[in-house]
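Taking it in order: structure first as structure tokens, then the write-up.
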Amino acid sequence: MTIGKIIDGKAFAATLRDTVGEGVAGFVEATGRKPGLAVVLVGEDPASSVYVRSKGKMTVAAGMESFEFKRPDSIGEEDLLDLIEELNHDERVDGILVQLPLPGHIDEAAVIGAIDPAKDVDGFHVVNSGKLATGQEALVPCTPLGCIMLLKDELGDLSGLEAVVVGRSNIVGKPMAALLLAESCTVTIAHSRTRDLASVVHRADIVVAAVGRAEMVKGEWIKPGATVIDVGINRVADTEDGKSRIVGDVATAEALAHVRAITPVPGGVGPMTIAVLLRNTLVAAHARAG
Ligand code: GUN
């Protein structure tokens, strides 16, 4: 039995961060200032706090300026919108990221809609998602862009390949489908209501799993030789030692016997997201500098 390749997203992300770092040095030399990324964190969700701290560290390591704004859960929507307006006009800030999810009393769409699309390094503003959908240059969501980079590195030209995206979120599924379409793949978006998901997935040369359900995509669903990108990060209880562990949306151990290549969890897509965020911040800084 042949075993598929495990795609080293951690190493790929480290190389991308180095490349961005070199680009940042060039930007500083040309403009006399550092690109700046502002991250807004509302509340104290532990996972979000970990992400935000890690983003801040890597931003500084890439040679950029990091601005962090922590606000309590109780912040009103108007106050949050005021902060974003301030950051929109702050010349030192090239990228604005509002960590999601936001507390229930705040309208996420209104907050994302308030970000200057030129500083929307998450690519969540409708101006950017509309540009992506219509094939115009845009700031593109970090996780799906990272997935495309890994796929092109592994497969080269994606044109004509059958791609199935499992999951239809605005953050991953929909932009992922748009990016695969832009690479001339034949794209299917499957989701929790899809009938006979196994046979839909079995058609695919490329499977992107982004449903948020632990090991939902089974190994035997995968067409022999397909490439699998696992976006899932699910914490599950490990019955053997009573501790918890992180697994993806794909049953990786089973899938390895079928795939050409697969991203592991952790160490696959996860590290790419922050590396692409740094890249998007540099792109936004260049665009603003003219
Ligand atoms: N929460 C989980 N993923 C993301 C992301 O990519 N961007 C933001 N802003 N929040 C998130």
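Going by the structure tokens order, chains are called A, B, ..., each with residues numbered from 1, while ligands are numbered from 1 in the order shown.
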
* Excluding same-chain residues fewer than 4 positions from stretch 216-226 of chain A, what lies within 8 Å of it counting only C-alpha atoms, as a ChimeraX atom specification? -> /A:198-199,201-207,209,249-261

Export C-alpha atoms of the chosen residues as a PDB file, in the first residue's frame?
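Writing done, so here's again_2.pdb:
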```pdb
ATOM      1  CA  ALA A 198     -19.385  10.534   0.005  1.00  0.00           C
ATOM      2  CA  SER A 199     -19.994  10.252  -3.729  1.00  0.00           C
ATOM      3  CA  VAL A 201     -16.252  13.988  -2.515  1.00  0.00           C
ATOM      4  CA  HIS A 202     -15.255  10.861  -4.480  1.00  0.00           C
ATOM      5  CA  ARG A 203     -15.391  12.846  -7.756  1.00  0.00           C
ATOM      6  CA  ALA A 204     -12.751  15.290  -6.613  1.00  0.00           C
ATOM      7  CA  ASP A 205      -9.109  15.650  -7.624  1.00  0.00           C
ATOM      8  CA  ILE A 206      -8.950  18.361  -4.954  1.00  0.00           C
ATOM      9  CA  VAL A 207     -10.890  18.195  -1.672  1.00  0.00           C
ATOM     10  CA  ALA A 209     -12.633  20.336   3.940  1.00  0.00           C
ATOM     11  CA  ASP A 249     -12.315  17.724   9.326  1.00  0.00           C
ATOM     12  CA  VAL A 250     -10.729  14.722   7.579  1.00  0.00           C
ATOM     13  CA  ALA A 251      -9.968  11.288   9.045  1.00  0.00           C
ATOM     14  CA  THR A 252      -6.302  11.743   8.168  1.00  0.00           C
ATOM     15  CA  ALA A 253      -4.931   8.313   9.121  1.00  0.00           C
ATOM     16  CA  GLU A 254      -7.495   6.580   6.868  1.00  0.00           C
ATOM     17  CA  ALA A 255      -7.127   9.129   4.094  1.00  0.00           C
ATOM     18  CA  LEU A 256      -3.352   8.690   3.846  1.00  0.00           C
ATOM     19  CA  ALA A 257      -3.826   5.361   2.053  1.00  0.00           C
ATOM     20  CA  HIS A 258      -5.844   7.072  -0.712  1.00  0.00           C
ATOM     21  CA  VAL A 259      -4.371  10.524  -1.239  1.00  0.00           C
ATOM     22  CA  ARG A 260      -1.557  11.870  -3.350  1.00  0.00           C
ATOM     23  CA  ALA A 261      -0.991  14.485  -0.649  1.00  0.00           C
TER      24      ALA A 261
END
```

* Determine which residues of stretch 22-180 of chain A DSSP labels as strand (DSSP E) from the backbone of this structure, then write them out as a PyMOL selection string. => chain A and resi 36-42+65-71+95-98+162-166

Near stretch 55-63 of chain A, counting only C-alpha atoms, which residues have an atom at most 10 Å away, once you skip same-chain residues fewer than 4 positions from it, shown as a PDB file with N, CA and C atoms, in the first residue's frame?
```pdb
ATOM      1  N   ARG A  17       6.837  33.738   5.249  1.00  0.00           N
ATOM      2  CA  ARG A  17       7.093  34.842   6.192  1.00  0.00           C
ATOM      3  C   ARG A  17       8.451  35.485   5.927  1.00  0.00           C
ATOM      4  N   ASP A  18       9.435  34.639   5.571  1.00  0.00           N
ATOM      5  CA  ASP A  18      10.763  35.182   5.226  1.00  0.00           C
ATOM      6  C   ASP A  18      10.674  36.072   3.990  1.00  0.00           C
ATOM      7  N   THR A  19       9.947  35.610   2.981  1.00  0.00           N
ATOM      8  CA  THR A  19       9.782  36.390   1.749  1.00  0.00           C
ATOM      9  C   THR A  19       9.093  37.716   2.047  1.00  0.00           C
ATOM     10  N   VAL A  20       8.053  37.663   2.889  1.00  0.00           N
ATOM     11  CA  VAL A  20       7.351  38.896   3.264  1.00  0.00           C
ATOM     12  C   VAL A  20       8.313  39.823   4.013  1.00  0.00           C
ATOM     13  N   GLY A  21       9.110  39.239   4.896  1.00  0.00           N
ATOM     14  CA  GLY A  21      10.089  40.029   5.652  1.00  0.00           C
ATOM     15  C   GLY A  21      11.045  40.785   4.736  1.00  0.00           C
ATOM     16  N   GLU A  22      11.490  40.122   3.669  1.00  0.00           N
ATOM     17  CA  GLU A  22      12.367  40.791   2.695  1.00  0.00           C
ATOM     18  C   GLU A  22      11.619  41.921   1.991  1.00  0.00           C
ATOM     19  N   GLY A  23      10.361  41.653   1.652  1.00  0.00           N
ATOM     20  CA  GLY A  23       9.525  42.682   1.018  1.00  0.00           C
ATOM     21  C   GLY A  23       9.318  43.878   1.937  1.00  0.00           C
ATOM     22  N   VAL A  24       9.148  43.596   3.226  1.00  0.00           N
ATOM     23  CA  VAL A  24       8.953  44.661   4.217  1.00  0.00           C
ATOM     24  C   VAL A  24      10.210  45.547   4.280  1.00  0.00           C
ATOM     25  N   ALA A  25      11.386  44.894   4.286  1.00  0.00           N
ATOM     26  CA  ALA A  25      12.643  45.656   4.334  1.00  0.00           C
ATOM     27  C   ALA A  25      12.731  46.604   3.133  1.00  0.00           C
ATOM     28  N   VAL A  28      10.336  49.547   3.669  1.00  0.00           N
ATOM     29  CA  VAL A  28      10.868  50.508   4.644  1.00  0.00           C
ATOM     30  C   VAL A  28      11.926  51.392   3.982  1.00  0.00           C
ATOM     31  N   LYS A  34       7.391  51.761   8.397  1.00  0.00           N
ATOM     32  CA  LYS A  34       7.050  50.340   8.429  1.00  0.00           C
ATOM     33  C   LYS A  34       5.572  50.150   8.077  1.00  0.00           C
ATOM     34  N   PRO A  35       5.228  49.045   7.382  1.00  0.00           N
ATOM     35  CA  PRO A  35       3.803  48.722   7.240  1.00  0.00           C
ATOM     36  C   PRO A  35       3.218  48.450   8.627  1.00  0.00           C
ATOM     37  N   GLY A  36       1.957  48.811   8.845  1.00  0.00           N
ATOM     38  CA  GLY A  36       1.343  48.630  10.159  1.00  0.00           C
ATOM     39  C   GLY A  36       0.071  47.797  10.086  1.00  0.00           C
ATOM     40  N   LEU A  37      -0.067  46.888  11.068  1.00  0.00           N
ATOM     41  CA  LEU A  37      -1.279  46.049  11.149  1.00  0.00           C
ATOM     42  C   LEU A  37      -1.960  46.291  12.494  1.00  0.00           C
ATOM     43  N   ALA A  38      -3.229  46.656  12.453  1.00  0.00           N
ATOM     44  CA  ALA A  38      -4.013  46.845  13.677  1.00  0.00           C
ATOM     45  C   ALA A  38      -4.946  45.663  13.864  1.00  0.00           C
ATOM     46  N   VAL A  39      -4.881  45.038  15.044  1.00  0.00           N
ATOM     47  CA  VAL A  39      -5.756  43.907  15.356  1.00  0.00           C
ATOM     48  C   VAL A  39      -6.673  44.309  16.503  1.00  0.00           C
ATOM     49  N   SER A  49      -7.612  34.979  21.918  1.00  0.00           N
ATOM     50  CA  SER A  49      -6.491  35.679  22.559  1.00  0.00           C
ATOM     51  C   SER A  49      -5.164  35.078  22.117  1.00  0.00           C
ATOM     52  N   VAL A  50      -5.113  33.739  22.014  1.00  0.00           N
ATOM     53  CA  VAL A  50      -3.888  33.061  21.569  1.00  0.00           C
ATOM     54  C   VAL A  50      -3.549  33.484  20.144  1.00  0.00           C
ATOM     55  N   TYR A  51      -4.569  33.474  19.242  1.00  0.00           N
ATOM     56  CA  TYR A  51      -4.342  33.880  17.853  1.00  0.00           C
ATOM     57  C   TYR A  51      -3.804  35.298  17.780  1.00  0.00           C
ATOM     58  N   PHE A  67      -0.265  46.984  16.100  1.00  0.00           N
ATOM     59  CA  PHE A  67      -1.110  47.760  17.028  1.00  0.00           C
ATOM     60  C   PHE A  67      -2.231  46.850  17.510  1.00  0.00           C
ATOM     61  N   GLU A  68      -2.350  46.704  18.830  1.00  0.00           N
ATOM     62  CA  GLU A  68      -3.404  45.838  19.365  1.00  0.00           C
ATOM     63  C   GLU A  68      -4.414  46.652  20.146  1.00  0.00           C
ATOM     64  N   THR A 273      -2.256  30.758   7.554  1.00  0.00           N
ATOM     65  CA  THR A 273      -3.190  31.881   7.668  1.00  0.00           C
ATOM     66  C   THR A 273      -2.471  33.156   8.106  1.00  0.00           C
ATOM     67  N   ILE A 274      -1.637  33.062   9.135  1.00  0.00           N
ATOM     68  CA  ILE A 274      -0.960  34.267   9.622  1.00  0.00           C
ATOM     69  C   ILE A 274       0.092  34.736   8.608  1.00  0.00           C
ATOM     70  N   ALA A 275       0.769  33.786   7.960  1.00  0.00           N
ATOM     71  CA  ALA A 275       1.773  34.171   6.945  1.00  0.00           C
ATOM     72  C   ALA A 275       1.107  34.956   5.815  1.00  0.00           C
ATOM     73  N   LEU A 277      -1.703  36.622   6.094  1.00  0.00           N
ATOM     74  CA  LEU A 277      -2.127  37.908   6.672  1.00  0.00           C
ATOM     75  C   LEU A 277      -0.995  38.943   6.574  1.00  0.00           C
ATOM     76  N   LEU A 278       0.224  38.514   6.865  1.00  0.00           N
ATOM     77  CA  LEU A 278       1.377  39.418   6.763  1.00  0.00           C
ATOM     78  C   LEU A 278       1.582  39.840   5.311  1.00  0.00           C
ATOM     79  N   ARG A 279       1.437  38.869   4.416  1.00  0.00           N
ATOM     80  CA  ARG A 279       1.557  39.162   2.978  1.00  0.00           C
ATOM     81  C   ARG A 279       0.489  40.187   2.555  1.00  0.00           C
ATOM     82  N   THR A 281      -0.985  42.366   4.373  1.00  0.00           N
ATOM     83  CA  THR A 281      -0.681  43.672   4.971  1.00  0.00           C
ATOM     84  C   THR A 281       0.369  44.404   4.132  1.00  0.00           C
TER      85      THR A 281
END
```

* Please, which residues have at least one atom within 10 Å of an atom of ligand 1, using only C-alpha atoms and all ligand atoms, listed as a ChimeraX atom specification? -> /A:39-41,47-48,51-52,96-102,112,120-124,141-144,171-172,270,273-274,276-277

* Asked: Contacts of A:Thr194 at 12 Å or less, counting only C-alpha atoms, minus same-chain residues fewer than 2 places along, as a PyMOL selection string?
  -> chain A and resi 164-168+188-192+196-201+211
